[in-house]
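Engineer: Compact mmCIF, C-alpha atoms (C1' of nucleotides), saved as query-v3.txt, coming up:
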# COMPACT_ATOMS: atom_id res chain seq x y z
CA MET A 9 -23.44 16.97 6.48
CA VAL A 10 -21.95 20.17 5.14
CA SER A 11 -22.35 20.93 1.45
CA PRO A 12 -19.36 19.41 -0.32
CA THR A 13 -18.46 22.57 -2.19
CA VAL A 14 -18.04 24.69 0.91
CA LEU A 15 -14.66 23.35 1.82
CA LEU A 16 -13.04 23.53 -1.58
CA ASP A 17 -14.18 27.09 -2.11
CA SER A 18 -12.52 28.15 1.11
CA LEU A 19 -9.27 26.44 0.19
CA PRO A 20 -6.23 28.20 -1.27
CA MET A 21 -6.41 28.14 -5.02
CA SER A 22 -3.84 26.56 -7.24
CA ALA A 23 -3.51 26.18 -10.96
CA TYR A 24 -3.89 22.48 -10.30
CA ARG A 25 -6.76 21.34 -8.12
CA LEU A 26 -4.90 18.34 -6.77
CA ASP A 27 -2.32 20.62 -5.17
CA ALA A 28 -4.94 22.10 -2.87
CA LEU A 29 -6.45 18.78 -1.93
CA PRO A 30 -5.60 17.60 1.60
CA THR A 31 -5.93 13.93 0.73
CA TRP A 32 -3.60 14.41 -2.22
CA LEU A 33 -1.01 16.29 -0.19
CA LEU A 34 -1.22 13.63 2.49
CA SER A 35 -0.72 10.90 -0.05
CA ARG A 36 2.26 12.65 -1.61
CA SER A 37 4.05 13.48 1.61
CA SER A 38 3.31 10.11 3.11
CA GLY A 39 4.69 8.52 -0.02
CA ARG A 40 7.85 10.54 0.28
CA ALA A 41 8.16 9.66 3.96
CA HIS A 42 7.62 6.01 3.17
CA ARG A 43 10.33 6.06 0.52
CA LEU A 44 12.83 7.69 2.87
CA LEU A 45 12.00 5.27 5.66
CA SER A 46 12.20 2.23 3.42
CA ASP A 47 15.63 3.23 2.21
CA ALA A 48 16.83 3.89 5.74
CA PHE A 49 15.46 0.62 7.02
CA ASP A 50 16.80 -1.71 4.41
CA ALA A 51 20.18 0.00 4.58
CA ALA A 52 20.04 -1.36 8.13
CA GLY A 53 18.64 -4.72 7.08
CA ALA A 54 15.31 -4.00 8.70
CA ARG A 55 11.75 -3.30 7.64
CA GLY A 56 9.12 -0.89 8.85
CA TYR A 57 7.22 -3.60 10.68
CA HIS A 58 10.32 -4.43 12.71
CA TYR A 59 10.70 -0.89 13.93
CA ARG A 60 7.03 -0.48 14.70
CA ALA A 61 7.01 -3.70 16.69
CA LEU A 62 10.20 -2.98 18.61
CA ALA A 63 9.22 0.60 19.39
CA ALA A 64 5.74 -0.38 20.50
CA LEU A 65 7.19 -3.17 22.60
CA GLU A 66 9.60 -0.93 24.47
CA ASP A 67 6.84 1.57 25.10
CA LEU A 68 4.30 -1.01 26.21
CA GLY A 69 6.59 -3.25 28.13
CA PRO A 70 5.88 -6.97 27.92
CA ALA A 71 2.59 -7.37 26.11
CA SER A 72 0.47 -9.89 24.30
CA GLN A 73 0.70 -10.09 20.53
CA ALA A 74 -2.81 -8.77 20.21
CA MET A 75 -1.99 -5.71 22.32
CA LEU A 76 1.17 -5.16 20.34
CA GLY A 77 -0.74 -5.34 17.11
CA ARG A 78 -3.24 -2.76 18.29
CA ARG A 79 -0.53 -0.41 19.42
CA ALA A 80 1.57 -0.67 16.25
CA ALA A 81 -1.42 -0.88 13.91
CA LEU A 82 -0.37 -4.30 12.71
CA ASP A 83 -2.75 -7.04 11.72
CA ARG A 84 -2.59 -10.11 13.97
CA SER A 85 -1.18 -12.17 11.15
CA ASP A 86 1.51 -9.59 10.42
CA VAL A 87 2.46 -9.57 14.08
CA VAL A 88 3.09 -13.29 13.91
CA ALA A 89 5.37 -12.98 10.90
CA THR A 90 7.18 -9.94 12.26
CA LEU A 91 7.88 -11.52 15.63
CA ALA A 92 9.14 -14.66 13.95
CA GLU A 93 11.69 -12.57 12.08
CA LEU A 94 12.70 -10.62 15.18
CA GLU A 95 13.05 -13.81 17.17
CA VAL A 96 15.65 -15.15 14.75
CA ASP A 97 18.05 -12.47 15.94
CA ALA A 98 16.84 -12.79 19.53
CA LEU A 99 15.51 -9.23 19.53
CA VAL A 100 12.30 -10.34 21.21
CA GLU A 101 11.24 -13.19 23.48
CA ARG A 102 7.92 -14.97 23.72
CA THR A 103 6.62 -16.79 26.79
CA LEU A 104 3.23 -18.28 27.47
CA ASP A 105 0.99 -16.16 29.66
CA PRO A 106 0.44 -18.16 32.86
CA ASP A 107 -2.82 -16.31 33.51
CA ASP A 108 -4.31 -16.76 30.05
CA GLY A 109 -3.62 -19.78 27.93
CA ARG A 110 -4.51 -17.98 24.73
CA ARG A 111 -1.89 -15.29 25.11
CA LYS A 112 1.82 -15.17 24.59
CA ILE A 113 3.72 -12.43 26.34
CA VAL A 114 6.24 -10.73 24.12
CA SER A 115 9.22 -8.86 25.55
CA ILE A 116 11.99 -6.89 23.94
CA THR A 117 15.46 -8.21 24.79
CA SER A 118 18.54 -6.13 25.50
CA ALA A 119 19.74 -6.97 22.01
CA GLY A 120 16.38 -5.71 20.83
CA ARG A 121 16.86 -2.47 22.71
CA ARG A 122 20.25 -2.00 21.13
CA ARG A 123 18.78 -2.66 17.71
CA LEU A 124 15.94 -0.27 18.42
CA ARG A 125 18.35 2.47 19.33
CA GLN A 126 20.14 2.02 16.00
CA LEU A 127 16.87 2.20 14.14
CA ASP A 128 15.75 5.19 16.22
CA ASP A 129 18.74 7.11 14.98
CA ARG A 130 17.98 6.36 11.38
CA VAL A 131 14.33 7.18 11.87
CA ALA A 132 15.25 10.50 13.46
CA SER A 133 17.44 11.33 10.47
CA VAL A 134 14.51 10.71 8.19
CA GLN A 135 12.29 13.04 10.21
CA GLU A 136 14.95 15.68 9.88
CA GLU A 137 15.24 15.26 6.15
CA LEU A 138 11.51 15.14 5.63
CA LEU A 139 10.78 18.23 7.70
CA ALA A 140 13.78 20.20 6.49
CA PRO A 141 11.60 22.86 4.82
CA LEU A 142 9.79 23.61 8.08
CA SER A 143 10.78 25.69 11.09
CA THR A 144 10.69 24.22 14.58
CA ASP A 145 7.33 25.81 15.31
CA GLU A 146 5.91 24.62 12.04
CA ARG A 147 7.04 21.08 12.77
CA ALA A 148 5.31 21.08 16.12
CA GLU A 149 2.17 22.49 14.52
CA LEU A 150 2.22 19.89 11.78
CA ILE A 151 2.50 17.14 14.35
CA ARG A 152 -0.40 18.54 16.29
CA LEU A 153 -2.63 18.85 13.23
CA LEU A 154 -1.73 15.40 11.91
CA GLY A 155 -2.42 13.94 15.31
CA ALA A 156 -5.92 15.35 15.17
CA VAL A 157 -6.53 14.11 11.64
CA ALA A 158 -5.10 10.67 12.37
CA GLY A 159 -7.27 10.43 15.45
CA ILE A 160 -4.34 9.80 17.77
CA GLY A 161 -5.27 9.98 21.41
CA ALA A 162 -8.91 9.88 20.36
CA GLY A 163 -9.84 6.96 22.59
CA GLU A 164 -8.91 3.72 20.97
CA ASP A 165 -7.91 1.37 23.79
CA MET B 29 23.87 16.55 8.76
CA VAL B 30 22.21 17.49 12.02
CA SER B 31 22.57 15.11 14.92
CA PRO B 32 19.66 12.71 14.71
CA THR B 33 18.66 13.13 18.33
CA VAL B 34 18.13 16.87 18.12
CA LEU B 35 14.77 16.70 16.46
CA LEU B 36 13.17 14.07 18.61
CA ASP B 37 14.18 15.85 21.79
CA SER B 38 12.45 19.01 20.64
CA LEU B 39 9.30 17.14 19.78
CA PRO B 40 6.21 16.92 22.00
CA MET B 41 6.43 13.90 24.22
CA SER B 42 3.94 11.11 24.28
CA ALA B 43 3.66 7.91 26.24
CA TYR B 44 4.15 6.19 22.92
CA ARG B 45 7.03 7.33 20.77
CA LEU B 46 5.27 6.54 17.50
CA ASP B 47 2.60 9.10 18.30
CA ALA B 48 5.12 11.92 18.15
CA LEU B 49 6.75 10.71 14.95
CA PRO B 50 5.87 12.77 11.87
CA THR B 51 6.36 9.87 9.48
CA TRP B 52 4.07 7.74 11.61
CA LEU B 53 1.37 10.40 11.82
CA LEU B 54 1.62 10.92 8.09
CA SER B 55 1.27 7.23 7.45
CA ARG B 56 -1.74 6.94 9.72
CA SER B 57 -3.62 9.95 8.41
CA SER B 58 -2.77 9.11 4.84
CA GLY B 59 -4.04 5.61 5.45
CA ARG B 60 -7.28 6.96 6.82
CA ALA B 61 -7.62 9.33 3.88
CA HIS B 62 -6.94 6.52 1.48
CA ARG B 63 -9.59 4.34 3.06
CA LEU B 64 -12.19 7.10 2.90
CA LEU B 65 -11.34 7.88 -0.70
CA SER B 66 -11.37 4.25 -1.78
CA ASP B 67 -14.81 3.75 -0.30
CA ALA B 68 -16.11 6.91 -1.93
CA PHE B 69 -14.64 5.99 -5.29
CA ASP B 70 -15.85 2.47 -5.57
CA ALA B 71 -19.27 3.50 -4.37
CA ALA B 72 -19.16 5.50 -7.60
CA GLY B 73 -17.60 2.69 -9.60
CA ALA B 74 -14.35 4.55 -9.99
CA ARG B 75 -10.79 4.30 -8.73
CA GLY B 76 -8.28 6.84 -7.51
CA TYR B 77 -6.35 6.72 -10.75
CA HIS B 78 -9.45 7.70 -12.67
CA TYR B 79 -10.00 10.78 -10.60
CA ARG B 80 -6.38 11.80 -10.68
CA ALA B 81 -6.26 11.44 -14.45
CA LEU B 82 -9.53 13.28 -15.08
CA ALA B 83 -8.68 16.09 -12.68
CA ALA B 84 -5.20 16.52 -14.09
CA LEU B 85 -6.60 16.46 -17.60
CA GLU B 86 -9.13 19.18 -16.99
CA ASP B 87 -6.47 21.32 -15.34
CA LEU B 88 -3.88 20.75 -18.03
CA GLY B 89 -6.14 20.84 -21.00
CA PRO B 90 -5.29 18.44 -23.84
CA ALA B 91 -1.94 16.91 -23.01
CA SER B 92 0.32 14.03 -23.89
CA GLN B 93 0.18 10.91 -21.78
CA ALA B 94 3.66 11.60 -20.47
CA MET B 95 2.67 15.08 -19.35
CA LEU B 96 -0.47 13.72 -17.75
CA GLY B 97 1.53 11.11 -15.90
CA ARG B 98 3.90 13.73 -14.52
CA ARG B 99 1.07 15.92 -13.37
CA ALA B 100 -0.93 13.16 -11.70
CA ALA B 101 2.12 11.29 -10.40
CA LEU B 102 1.23 8.23 -12.43
CA ASP B 103 3.73 5.89 -13.98
CA ARG B 104 3.63 5.83 -17.78
CA SER B 105 2.36 2.27 -17.72
CA ASP B 106 -0.40 3.14 -15.28
CA VAL B 107 -1.45 6.03 -17.49
CA VAL B 108 -1.92 3.61 -20.36
CA ALA B 109 -4.14 1.31 -18.31
CA THR B 110 -6.10 4.15 -16.75
CA LEU B 111 -6.82 5.85 -20.06
CA ALA B 112 -7.92 2.56 -21.55
CA GLU B 113 -10.48 2.23 -18.79
CA LEU B 114 -11.66 5.82 -19.12
CA GLU B 115 -11.94 5.46 -22.86
CA VAL B 116 -14.43 2.63 -22.51
CA ASP B 117 -16.97 5.09 -21.12
CA ALA B 118 -15.82 7.81 -23.53
CA LEU B 119 -14.63 10.02 -20.68
CA VAL B 120 -11.42 10.83 -22.54
CA GLU B 121 -10.33 10.95 -26.16
CA ARG B 122 -6.95 10.21 -27.70
CA THR B 123 -5.66 11.60 -30.98
CA LEU B 124 -2.24 11.39 -32.55
CA ASP B 125 -0.13 14.50 -32.14
CA PRO B 126 0.41 15.88 -35.65
CA ASP B 127 3.61 17.61 -34.53
CA ASP B 128 5.20 14.63 -32.80
CA GLY B 129 4.60 11.08 -33.92
CA ARG B 130 5.54 9.68 -30.55
CA ARG B 131 2.83 11.50 -28.66
CA LYS B 132 -0.88 11.00 -28.29
CA ILE B 133 -2.91 13.98 -27.21
CA VAL B 134 -5.43 13.14 -24.53
CA SER B 135 -8.50 15.29 -23.94
CA ILE B 136 -11.31 15.07 -21.45
CA THR B 137 -14.74 14.81 -23.06
CA SER B 138 -17.89 16.49 -21.87
CA ALA B 139 -18.99 13.17 -20.44
CA GLY B 140 -15.64 13.12 -18.68
CA ARG B 141 -16.29 16.56 -17.25
CA ARG B 142 -19.66 15.45 -15.96
CA ARG B 143 -18.09 12.40 -14.40
CA LEU B 144 -15.34 14.52 -12.89
CA ARG B 145 -17.90 16.79 -11.28
CA GLN B 146 -19.56 13.79 -9.64
CA LEU B 147 -16.27 12.57 -8.33
CA ASP B 148 -15.29 16.07 -7.21
CA ASP B 149 -18.34 16.14 -4.97
CA ARG B 150 -17.46 12.85 -3.38
CA VAL B 151 -13.85 13.88 -2.97
CA ALA B 152 -14.93 17.11 -1.31
CA SER B 153 -17.07 15.17 1.14
CA VAL B 154 -14.08 13.08 2.06
CA GLN B 155 -12.00 16.18 2.70
CA GLU B 156 -14.73 17.44 4.98
CA GLU B 157 -14.94 14.19 6.89
CA LEU B 158 -11.19 13.86 7.18
CA LEU B 159 -10.63 17.41 8.38
CA ALA B 160 -13.67 17.53 10.62
CA PRO B 161 -11.55 17.90 13.78
CA LEU B 162 -9.82 21.02 12.42
CA SER B 163 -10.94 24.64 12.23
CA THR B 164 -10.89 26.51 8.95
CA ASP B 165 -7.60 28.19 9.82
CA GLU B 166 -6.07 24.92 10.89
CA ARG B 167 -7.08 23.32 7.62
CA ALA B 168 -5.40 26.04 5.62
CA GLU B 169 -2.30 25.74 7.77
CA LEU B 170 -2.20 21.98 7.37
CA ILE B 171 -2.44 22.35 3.61
CA ARG B 172 0.39 24.84 3.61
CA LEU B 173 2.65 22.67 5.75
CA LEU B 174 1.91 19.51 3.80
CA GLY B 175 2.59 21.35 0.58
CA ALA B 176 6.03 22.22 1.84
CA VAL B 177 6.75 18.68 3.00
CA ALA B 178 5.44 17.13 -0.20
CA GLY B 179 7.56 19.52 -2.23
CA ILE B 180 4.59 20.91 -4.16
CA GLY B 181 5.44 23.97 -6.17
CA ALA B 182 9.12 23.20 -5.64
CA GLY B 183 10.02 23.25 -9.31
CA GLU B 184 9.24 19.97 -10.94
CA ASP B 185 8.15 20.79 -14.46
C1' DA C 28 -22.37 -26.08 34.96
C1' DT C 29 -23.31 -25.84 30.29
C1' DT C 30 -23.82 -23.14 26.34
C1' DG C 31 -22.70 -19.09 23.38
C1' DA C 32 -19.97 -15.47 22.32
C1' DT C 33 -15.47 -13.47 22.25
C1' DT C 34 -10.46 -13.39 22.12
C1' DC C 35 -5.98 -15.28 20.97
C1' DG C 36 -2.29 -16.99 17.94
C1' DT C 37 -1.65 -19.00 13.52
C1' DT C 38 -1.99 -20.33 8.52
C1' DG C 39 -2.85 -19.17 4.03
C1' DG C 40 -4.43 -16.39 1.25
C1' DT C 41 -5.98 -11.58 -1.75
C1' DT C 42 -5.82 -6.89 -3.22
C1' DG C 43 -3.97 -2.60 -4.91
C1' DA C 44 -0.64 1.18 -5.30
C1' DG C 45 3.61 2.03 -6.90
C1' DC C 46 7.30 0.66 -9.60
C1' DC C 47 10.88 -1.16 -13.20
C1' DA C 48 12.73 -3.16 -17.53
C1' DA C 49 12.49 -3.54 -22.16
C1' DC C 50 10.74 -2.73 -26.72
C1' DG C 51 10.04 -0.35 -31.26
C1' DA C 52 9.00 4.10 -33.01
C1' DT C 53 10.00 8.79 -33.19
C1' DC C 54 12.33 12.99 -32.23
C1' DT C 55 16.68 15.72 -30.84
C1' DT C 56 21.53 16.59 -30.46
C1' DT C 57 25.97 16.47 -32.08
C1' DA D 13 24.81 10.10 -40.01
C1' DA D 14 25.19 8.51 -35.42
C1' DA D 15 24.05 8.64 -30.58
C1' DG D 16 20.99 9.73 -27.21
C1' DA D 17 16.57 11.02 -25.39
C1' DT D 18 11.52 10.60 -25.18
C1' DC D 19 7.09 8.47 -26.24
C1' DG D 20 3.46 4.85 -25.70
C1' DT D 21 2.99 0.06 -24.62
C1' DT D 22 3.50 -4.65 -22.67
C1' DG D 23 4.40 -7.53 -19.01
C1' DG D 24 6.03 -8.01 -15.18
C1' DC D 25 7.33 -7.32 -9.76
C1' DT D 26 7.14 -5.89 -4.68
C1' DC D 27 5.30 -4.75 -0.50
C1' DA D 28 1.95 -2.87 2.85
C1' DA D 29 -2.46 -3.87 4.23
C1' DC D 30 -6.02 -6.66 4.91
C1' DC D 31 -9.37 -10.87 5.28
C1' DA D 32 -11.21 -15.55 6.33
C1' DA D 33 -10.98 -19.43 8.87
C1' DC D 34 -9.30 -22.45 12.32
C1' DG D 35 -8.60 -24.72 17.00
C1' DA D 36 -7.69 -23.51 21.65
C1' DA D 37 -8.79 -20.86 25.56
C1' DT D 38 -11.46 -17.57 28.19
C1' DC D 39 -15.52 -14.96 29.44
C1' DA D 40 -20.52 -13.99 30.00
C1' DA D 41 -25.15 -15.30 31.14
C1' DT D 42 -28.26 -17.91 32.37
Can the structure from this file be put into C-alpha cells for me?

Structural biologist:
Amino acid sequence: MVSPTVLLDSLPMSAYRLDALPTWLLSRSSGRAHRLLSDAFDAAGARGYHYRALAALEDLGPASQAMLGRRAALDRSDVVATLAELEVDALVERTLDPDDGRRKIVSITSAGRRRLRQLDDRVASVQEELLAPLSTDERAELIRLLGAVAGIGAGED
Amino acid sequence: MVSPTVLLDSLPMSAYRLDALPTWLLSRSSGRAHRLLSDAFDAAGARGYHYRALAALEDLGPASQAMLGRRAALDRSDVVATLAELEVDALVERTLDPDDGRRKIVSITSAGRRRLRQLDDRVASVQEELLAPLSTDERAELIRLLGAVAGIGAGED
DNA sequence: ATTGATTCGTTGGTTGAGCCAACGATCTTT
DNA sequence: AAAGATCGTTGGCTCAACCAACGAATCAAT
C-alpha cells in the first residue's frame, strides 16, 4: 500500500480540494451524464434499464436472464422487472431453454431492434452534448482511461 | 446539432456497444468509486456528505450554509441535516451572521479539522486504489478531462 | 444413485443520494 | 411601500442499486 498522501501531493492543485479529487470529478460528471440520459430517455418514454437490456441483448444475441444481467450490470431481480416492461410492448421474447429447465432464453424482437435504434440515436446525442468540451482525441483518451478505471475488459465472464 | 451517429462511428469499437459508451463508462467507474468511498467512510463512522461539507468548509473558511451547499453540491435541506450531524460531535460551529439575519455562519472547529484529516487519508487511499491501473501522467490527464466534462471551473459562482 | 452445492427466475423488500415544494423571516430592488 | 429574491428549515418524494429468501432445476463428488 502506497502512502495515502503521495497521490494527492502529485495532483494538480486547486483552490478547492474537491476539484482535484478523481472520485469527486467522477461523481459530478457521472451525475451530469445521468441527468442528460434520464431526460433523453423519458422524453422517449423509456428508462435506462430498458436501453441497457435491449443493447446488451442485441450484442449478446439470445441469452438467459442471468447472462443478460451480468452483461448489463443489472441485478437478477431488476432484470425480471425490466423484461416484464419490455415484453408489454413486445420488444423482447422469452422462451424456456430446452437444455436447461432453470433458464429462460430472452431474445430481442424486430420491434425491439427498431426501438433500440431510436434510443441509440438519443443516447448518441447525449454523448455528443456531454463531451462537447473535448476534442476527438481527448474523447478517445477519456474512454480509454475510464475503461481502465471501470475495469472493463478486465476478465469478468 | 451534430448528427447523432457521427460520434459513435468515430469511437473505438467493442464487441459490446456499452463498453464504448462514455456515459456507461462514467456510470460504471463512478459506481465503483462510490462503493469504495462508502466502505471507507462508514468504516470511519462517517458519510460522504460529512466529508464534502468538512472539506468545503475548510477550503471556504467560515461560510453561510447556502454558500457551503453550492460549493459541496449539496441541497439546502441536505446541508441542514448534515450540519446537524456534524454539530453533535462539535466538528462544526454555527453562529448568526450579524450582517444578515437570514444567514448562519458555519465554521469548522479544530476537532473538525482533525476529523477531516482522518477522512482525507482514507479518501486518498481510495483514489490510489481506484486509479491503480493508471500511470501518474494518465491520472493527471483523466483529472483534466473529467474536469472539463464535469464543468469544473466553468464559472459557477 | 443419492446427497450437497450451485444456479436460475421470481417476489418482496431496503437503503441512500439527489431532489422539490413550501414556509416564515430577512434582505434587496424598484 | 411594495414586490421580489434569498436564507434556513421541515417534510416530503423518486429512482438506481442492492439484498434475502424461495422453490425448481442442474451440477459435482463421492

Engineer: Mind giving me the straight-line distance from C1' of DA28 in chain D to CA of Asp27 in chain A in Å, one decimal?

Structural biologist: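 Rounded to one decimal, the two atoms are 25.2 Å apart.
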
Engineer: Please compute the CA of Gly120 in chain A-CA of Leu94 in chain A distance, one decimal, in Å.

Structural biologist: 8.3 Å

Engineer: Could you pull the residues within 12 Å of DG40 in chain C, counting only C-alpha atoms (C1' of nucleotides), minus those fewer than 4 positions along the same chain, as a list in words?

Structural biologist: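 Residues near the query, excluding close chain neighbours: Ser85 of chain A; DC30, DC31, DA32 and DA33 of chain D.
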
Engineer: May I ask which of the residues A:Ser143, A:Gln135, A:Thr90, A:Gln126 is the closest one to chain B, counting only C-alpha atoms?

Structural biologist: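 Result for the nearest residue to chain B: A:Gln135.
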
Engineer: Looking at C:DA28, C:DC46, C:DC35, C:DC54, which one is nearest to chain A, with distances taken over all atoms listed in the file?

Structural biologist: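 Looking only at the distances to chain A, the closest residue turns out to be C:DC35.
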
Engineer: Counting only C-alpha atoms (C1' of nucleotides), which residues of chain B come no farther than 9 Å from chain D, as a list of chain:residue names?

Structural biologist: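 Residues of chain B within 9 Å of chain D, counting only C-alpha atoms (C1' of nucleotides): B:Gln93, B:Ala94, B:Arg104, B:Ser105, B:Val108, B:Gly129, B:Arg130, B:Arg131, B:Lys132.
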
Engineer: Once you have the residues from the selection above, write them out as a PDB file, in the coordinates of the input, restricted to C-alpha atoms.

Structural biologist:
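Writing the result to result-v8.pdb gives the following:
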ATOM      1  CA  GLN B  93       0.180  10.910 -21.780  1.00  0.00           C
ATOM      2  CA  ALA B  94       3.660  11.600 -20.470  1.00  0.00           C
ATOM      3  CA  ARG B 104       3.630   5.830 -17.780  1.00  0.00           C
ATOM      4  CA  SER B 105       2.360   2.270 -17.720  1.00  0.00           C
ATOM      5  CA  VAL B 108      -1.920   3.610 -20.360  1.00  0.00           C
ATOM      6  CA  GLY B 129       4.600  11.080 -33.920  1.00  0.00           C
ATOM      7  CA  ARG B 130       5.540   9.680 -30.550  1.00  0.00           C
ATOM      8  CA  ARG B 131       2.830  11.500 -28.660  1.00  0.00           C
ATOM      9  CA  LYS B 132      -0.880  11.000 -28.290  1.00  0.00           C
TER      10      LYS B 132
END

Engineer: In Å, how far is it from CA of Arg167 in chain B to CA of Gly56 in chain A?

Structural biologist: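 So the two atoms, CA of Arg167 in chain B and CA of Gly56 in chain A, lie 29.2 Å apart.
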
Engineer: Tell me which protein, DNA and RNA residues are within 9 Å of range 136-139 of chain A, counting only C-alpha atoms (C1' of nucleotides), leaving out same-chain ones fewer than 2 positions away, and put them as a ChimeraX atom specification.

Structural biologist: /A:37,40-41,44,131-134,141-143,147 /B:30,32,34-35,50-51,176-178

Engineer: Quick one: residues within 9 Å of Leu119 in chain B, all atoms listed in the file counted, chain neighbours fewer than 3 positions away excluded, as a list in words?

Structural biologist: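 Final neighbour list, sorted by chain and number: Leu82, Leu111, Leu114, Glu115, Val116, Ser135, Ile136, Thr137, Ser138, Ala139, Gly140, Arg141, Arg142 and Arg143 of chain B.
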
Engineer: With C-alpha atoms retained, export the selected residues as a JSON list (two decimals), in the frame of the given file.

Structural biologist:
[["chain", "number", "residue", "atom", "x", "y", "z"],
["B", 82, "LEU", "CA", -9.53, 13.28, -15.08],
["B", 111, "LEU", "CA", -6.82, 5.85, -20.06],
["B", 114, "LEU", "CA", -11.66, 5.82, -19.12],
["B", 115, "GLU", "CA", -11.94, 5.46, -22.86],
["B", 116, "VAL", "CA", -14.43, 2.63, -22.51],
["B", 135, "SER", "CA", -8.50, 15.29, -23.94],
["B", 136, "ILE", "CA", -11.31, 15.07, -21.45],
["B", 137, "THR", "CA", -14.74, 14.81, -23.06],
["B", 138, "SER", "CA", -17.89, 16.49, -21.87],
["B", 139, "ALA", "CA", -18.99, 13.17, -20.44],
["B", 140, "GLY", "CA", -15.64, 13.12, -18.68],
["B", 141, "ARG", "CA", -16.29, 16.56, -17.25],
["B", 142, "ARG", "CA", -19.66, 15.45, -15.96],
["B", 143, "ARG", "CA", -18.09, 12.40, -14.40]]

Engineer: Which of these residues is nearest to Ala63 in chain A, using all atoms listed in the file: A:Leu34, A:Ala89, A:Val114, A:Leu124?

Structural biologist: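 Checking each candidate against Ala63 in chain A, we get A:Leu124 as the closest.
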
Engineer: Given the choices C:DG31, C:DT56, C:DG39, C:DA48, which gets closest to chain B if the distance is worked out from all atoms listed in the file?

Structural biologist: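 Counting all atoms listed in the file, the residue closest to chain B is C:DA48.
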
Engineer: Between A:Ala98, A:Ala140, A:Ile160, A:Ala92, single out the one closest to DT37 in chain C, counting all atoms listed in the file.

Structural biologist: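 Of the candidates, the smallest distance to DT37 in chain C is held by A:Ala92.
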
Engineer: Please rebuild range 123-137 of chain A with N, CA and C atoms and give the result as a PDB file, in the frame of the given file.

Structural biologist:
ATOM      1  N   ARG A 123      19.241  -2.772  19.095  1.00  0.00           N
ATOM      2  CA  ARG A 123      18.780  -2.660  17.710  1.00  0.00           C
ATOM      3  C   ARG A 123      17.821  -1.487  17.553  1.00  0.00           C
ATOM      4  N   LEU A 124      16.918  -1.351  18.471  1.00  0.00           N
ATOM      5  CA  LEU A 124      15.940  -0.270  18.420  1.00  0.00           C
ATOM      6  C   LEU A 124      16.612   1.083  18.450  1.00  0.00           C
ATOM      7  N   ARG A 125      17.656   1.193  19.251  1.00  0.00           N
ATOM      8  CA  ARG A 125      18.350   2.470  19.330  1.00  0.00           C
ATOM      9  C   ARG A 125      19.003   2.822  17.983  1.00  0.00           C
ATOM     10  N   GLN A 126      19.597   1.796  17.341  1.00  0.00           N
ATOM     11  CA  GLN A 126      20.140   2.020  16.000  1.00  0.00           C
ATOM     12  C   GLN A 126      19.063   2.534  15.053  1.00  0.00           C
ATOM     13  N   LEU A 127      17.946   1.840  15.052  1.00  0.00           N
ATOM     14  CA  LEU A 127      16.870   2.200  14.140  1.00  0.00           C
ATOM     15  C   LEU A 127      16.303   3.579  14.492  1.00  0.00           C
ATOM     16  N   ASP A 128      16.220   3.874  15.782  1.00  0.00           N
ATOM     17  CA  ASP A 128      15.750   5.190  16.220  1.00  0.00           C
ATOM     18  C   ASP A 128      16.585   6.305  15.597  1.00  0.00           C
ATOM     19  N   ASP A 129      17.868   6.094  15.566  1.00  0.00           N
ATOM     20  CA  ASP A 129      18.740   7.110  14.980  1.00  0.00           C
ATOM     21  C   ASP A 129      18.435   7.334  13.513  1.00  0.00           C
ATOM     22  N   ARG A 130      18.285   6.233  12.807  1.00  0.00           N
ATOM     23  CA  ARG A 130      17.980   6.360  11.380  1.00  0.00           C
ATOM     24  C   ARG A 130      16.618   7.000  11.160  1.00  0.00           C
ATOM     25  N   VAL A 131      15.678   6.612  11.987  1.00  0.00           N
ATOM     26  CA  VAL A 131      14.330   7.180  11.870  1.00  0.00           C
ATOM     27  C   VAL A 131      14.366   8.686  12.138  1.00  0.00           C
ATOM     28  N   ALA A 132      15.151   9.071  13.131  1.00  0.00           N
ATOM     29  CA  ALA A 132      15.250  10.500  13.460  1.00  0.00           C
ATOM     30  C   ALA A 132      15.859  11.269  12.293  1.00  0.00           C
ATOM     31  N   SER A 133      16.834  10.680  11.639  1.00  0.00           N
ATOM     32  CA  SER A 133      17.440  11.330  10.470  1.00  0.00           C
ATOM     33  C   SER A 133      16.409  11.559   9.381  1.00  0.00           C
ATOM     34  N   VAL A 134      15.547  10.582   9.215  1.00  0.00           N
ATOM     35  CA  VAL A 134      14.510  10.710   8.190  1.00  0.00           C
ATOM     36  C   VAL A 134      13.551  11.844   8.537  1.00  0.00           C
ATOM     37  N   GLN A 135      13.160  11.933   9.805  1.00  0.00           N
ATOM     38  CA  GLN A 135      12.290  13.040  10.210  1.00  0.00           C
ATOM     39  C   GLN A 135      12.941  14.371   9.848  1.00  0.00           C
ATOM     40  N   GLU A 136      14.216  14.456  10.149  1.00  0.00           N
ATOM     41  CA  GLU A 136      14.950  15.680   9.880  1.00  0.00           C
ATOM     42  C   GLU A 136      14.933  16.022   8.401  1.00  0.00           C
ATOM     43  N   GLU A 137      15.209  15.025   7.592  1.00  0.00           N
ATOM     44  CA  GLU A 137      15.240  15.260   6.150  1.00  0.00           C
ATOM     45  C   GLU A 137      13.864  15.626   5.608  1.00  0.00           C
TER      46      GLU A 137
END
